[in-house]
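This report refers to the structure that appears directly beneath it.
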Amino acid sequence: MEAKGRLCFLRRSMSIRYSIGESGQFLTLEQNVLDYFVGWRQLDKKMPEAGGQLFGVVEGQCIKVKLATGPRRSDRRGRFFFIADRLSERREISALHKSGLHYFGDWHTHPQSIPTPSGTDLSSMADLFARSKHDLNAFLMVIVGTAGPPKGLHVSLHEASAWSRLEAEIRV
């Protein structure tokens, strides 16, 4: 049943757009990224969390997430945790930057229908933002729940001492 539902989802051409406050900018999660997230949802009770990085381009006022990576064999994963191999991630950022893609943030799964960030998620993103060399105003975090997009996605922007959730506008 789930596979059939997933195939229907994959056939639709869809992106999800998020307004970024009063900046006039917006974030778009492209179809291939949404498909990738759907494939990693923790639908089985034995399935560990998964995660990785988010890459894309800036076109005018639009921040387009075009690629989601991970998880890697070197990441540590359990039912209720995901710990990324940060050295491998730094290498990935460098390699993808050479091909024109910019690092925007991280994604991971939660075994809940409509995901909410944990305290660890929030402190990890704040720490990552503060310790990283970058020119971004904020890092993106996407948490993928068991419900399908957009309901099953938590999308937020994170700075060193603040964060804000983004609300979806579906584009078909």
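Residues in the structure tokens are named by chain (A, B, ... in the order shown) and by number from 1 within that chain; ligands are numbered from 1 in the order shown.
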Problem set entry | Surrounding residues of Gly21 (chain A) excluding itself and chain neighbours under 3 positions, 12 Å, only C-alpha atoms, as a PyMOL selection string | chain A and resi 18+24-27+156-157+163-167
Exercise. Which polymer residues have any atom within 10 Å of an atom of Pro150 (chain A), counting only C-alpha atoms, with same-chain residues fewer than 6 positions away left out, as a count of residues only?
Worked result: 10
For this session: Find, counting only C-alpha atoms, the residue in A:Ile63, A:Arg73, A:Asp85, A:Phe80 that gets nearest to Leu136 (chain A).
Result: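 Nearest candidate to Leu136 (chain A) out of A:Ile63, A:Arg73, A:Asp85, A:Phe80: A:Ile63.
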For this session: Using DSSP on the backbone coordinates, identify all residues within chain A classified as strand (DSSP E); present the result as an MDAnalysis selection string.
Result: chainID A and resid 15:20 25:29 51:59 62:68 76:78 81:83 102:109 139:144 153:158 163:165 168:171
Please identify all polymer residues within 12 Å of Gln42 (chain A), counting only C-alpha atoms, omitting same-chain residues fewer than 4 positions from it, and present them as a PDB file with N, CA and C atoms, in the first residue's frame.
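That gives us result20.pdb:
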```pdb
ATOM      1  N   PHE A  37      13.329  12.855   0.430  1.00  0.00           N
ATOM      2  CA  PHE A  37      12.806  12.833   1.798  1.00  0.00           C
ATOM      3  C   PHE A  37      11.785  11.717   1.991  1.00  0.00           C
ATOM      4  N   VAL A  38      10.860  11.587   1.049  1.00  0.00           N
ATOM      5  CA  VAL A  38       9.814  10.559   1.139  1.00  0.00           C
ATOM      6  C   VAL A  38      10.443   9.174   1.278  1.00  0.00           C
ATOM      7  N   LYS A  46      11.596  -0.265  13.110  1.00  0.00           N
ATOM      8  CA  LYS A  46      13.009  -0.623  13.261  1.00  0.00           C
ATOM      9  C   LYS A  46      13.934   0.315  12.485  1.00  0.00           C
ATOM     10  N   MET A  47      13.373   1.198  11.700  1.00  0.00           N
ATOM     11  CA  MET A  47      14.165   2.058  10.834  1.00  0.00           C
ATOM     12  C   MET A  47      14.841   3.174  11.639  1.00  0.00           C
ATOM     13  N   PRO A  48      16.172   3.328  11.512  1.00  0.00           N
ATOM     14  CA  PRO A  48      16.868   4.389  12.242  1.00  0.00           C
ATOM     15  C   PRO A  48      16.667   5.744  11.567  1.00  0.00           C
ATOM     16  N   GLU A  49      16.953   6.796  12.312  1.00  0.00           N
ATOM     17  CA  GLU A  49      16.921   8.135  11.722  1.00  0.00           C
ATOM     18  C   GLU A  49      17.944   8.207  10.600  1.00  0.00           C
ATOM     19  N   ALA A  50      17.656   9.057   9.641  1.00  0.00           N
ATOM     20  CA  ALA A  50      18.555   9.322   8.524  1.00  0.00           C
ATOM     21  C   ALA A  50      18.743  10.829   8.446  1.00  0.00           C
ATOM     22  N   GLY A  51      19.757  11.253   7.742  1.00  0.00           N
ATOM     23  CA  GLY A  51      19.970  12.687   7.598  1.00  0.00           C
ATOM     24  C   GLY A  51      21.080  12.981   6.624  1.00  0.00           C
ATOM     25  N   GLY A  78      20.439   5.747  14.971  1.00  0.00           N
ATOM     26  CA  GLY A  78      19.602   4.906  15.804  1.00  0.00           C
ATOM     27  C   GLY A  78      18.156   5.328  15.623  1.00  0.00           C
ATOM     28  N   ARG A  79      17.254   4.651  16.258  1.00  0.00           N
ATOM     29  CA  ARG A  79      15.828   4.945  16.104  1.00  0.00           C
ATOM     30  C   ARG A  79      15.502   6.396  16.445  1.00  0.00           C
ATOM     31  N   PHE A  80      16.184   6.944  17.458  1.00  0.00           N
ATOM     32  CA  PHE A  80      15.880   8.295  17.911  1.00  0.00           C
ATOM     33  C   PHE A  80      17.077   9.229  17.872  1.00  0.00           C
ATOM     34  N   PHE A  81      18.062   8.935  17.029  1.00  0.00           N
ATOM     35  CA  PHE A  81      19.194   9.861  16.895  1.00  0.00           C
ATOM     36  C   PHE A  81      19.874   9.701  15.542  1.00  0.00           C
ATOM     37  N   HIS A 108      17.109  15.797   8.590  1.00  0.00           N
ATOM     38  CA  HIS A 108      17.108  14.480   9.229  1.00  0.00           C
ATOM     39  C   HIS A 108      15.657  14.059   9.463  1.00  0.00           C
ATOM     40  N   THR A 109      15.481  12.800   9.793  1.00  0.00           N
ATOM     41  CA  THR A 109      14.144  12.262  10.018  1.00  0.00           C
ATOM     42  C   THR A 109      13.821  12.185  11.505  1.00  0.00           C
ATOM     43  N   HIS A 110      12.534  12.131  11.790  1.00  0.00           N
ATOM     44  CA  HIS A 110      12.018  11.824  13.123  1.00  0.00           C
ATOM     45  C   HIS A 110      10.919  10.779  12.955  1.00  0.00           C
ATOM     46  N   PRO A 111      10.783   9.871  13.906  1.00  0.00           N
ATOM     47  CA  PRO A 111       9.739   8.849  13.807  1.00  0.00           C
ATOM     48  C   PRO A 111       8.388   9.339  14.328  1.00  0.00           C
ATOM     49  N   GLN A 112       7.983  10.519  13.915  1.00  0.00           N
ATOM     50  CA  GLN A 112       6.686  11.068  14.304  1.00  0.00           C
ATOM     51  C   GLN A 112       6.017  11.636  13.052  1.00  0.00           C
ATOM     52  N   SER A 113       4.721  11.601  13.024  1.00  0.00           N
ATOM     53  CA  SER A 113       3.978  12.027  11.846  1.00  0.00           C
ATOM     54  C   SER A 113       4.296  13.475  11.468  1.00  0.00           C
ATOM     55  N   ILE A 114       4.054  14.366  12.395  1.00  0.00           N
ATOM     56  CA  ILE A 114       4.347  15.783  12.181  1.00  0.00           C
ATOM     57  C   ILE A 114       5.505  16.128  13.108  1.00  0.00           C
ATOM     58  N   PRO A 115       6.706  16.272  12.540  1.00  0.00           N
ATOM     59  CA  PRO A 115       7.903  16.401  13.368  1.00  0.00           C
ATOM     60  C   PRO A 115       8.055  17.770  14.024  1.00  0.00           C
ATOM     61  N   ILE A 143      13.212  18.732   9.051  1.00  0.00           N
ATOM     62  CA  ILE A 143      12.982  17.471   9.742  1.00  0.00           C
ATOM     63  C   ILE A 143      11.855  16.768   8.998  1.00  0.00           C
ATOM     64  N   VAL A 144      12.108  15.537   8.621  1.00  0.00           N
ATOM     65  CA  VAL A 144      11.170  14.749   7.833  1.00  0.00           C
ATOM     66  C   VAL A 144      10.436  13.778   8.751  1.00  0.00           C
ATOM     67  N   GLY A 145       9.122  13.947   8.850  1.00  0.00           N
ATOM     68  CA  GLY A 145       8.298  13.049   9.645  1.00  0.00           C
ATOM     69  C   GLY A 145       7.732  11.927   8.792  1.00  0.00           C
ATOM     70  N   THR A 146       6.848  11.151   9.368  1.00  0.00           N
ATOM     71  CA  THR A 146       6.285  10.010   8.636  1.00  0.00           C
ATOM     72  C   THR A 146       5.134  10.407   7.724  1.00  0.00           C
ATOM     73  N   ALA A 147       4.488  11.541   7.980  1.00  0.00           N
ATOM     74  CA  ALA A 147       3.438  12.030   7.080  1.00  0.00           C
ATOM     75  C   ALA A 147       4.098  12.578   5.818  1.00  0.00           C
ATOM     76  N   GLY A 148       3.382  12.579   4.728  1.00  0.00           N
ATOM     77  CA  GLY A 148       3.915  13.108   3.482  1.00  0.00           C
ATOM     78  C   GLY A 148       4.061  14.620   3.516  1.00  0.00           C
ATOM     79  N   GLY A 152       4.233  16.671   6.743  1.00  0.00           N
ATOM     80  CA  GLY A 152       5.240  15.895   7.447  1.00  0.00           C
ATOM     81  C   GLY A 152       6.632  16.506   7.434  1.00  0.00           C
TER      82      GLY A 152
END
```
For this session: Rank A:Leu87, A:His134, A:Ala160, A:Phe104 by their smallest atom-to-atom distance to Leu122 (chain A), using only C-alpha atoms, and report the top residue only.
Result: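 Ranked by minimum distance to Leu122 (chain A), first place goes to A:Ala160.
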For this session: Please measure the separation of CA of Arg86 (chain A) and CA of His158 (chain A), giving the value in Å to one decimal.
Result: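 Calculated distance between CA of Arg86 (chain A) and CA of His158 (chain A) is 18.0 Å.
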For this session: Give me every helix (DSSP H, G or I) residue in region 50-140 of chain A, going by DSSP on the backbone, as a VMD selection string.
Result: chain A and resid 86 to 98 119 to 131
For this session: Just give me the gap between CA of Arg91 (chain A) and CA of Arg77 (chain A) in Å, one decimal is fine.
Result: 20.0 Å
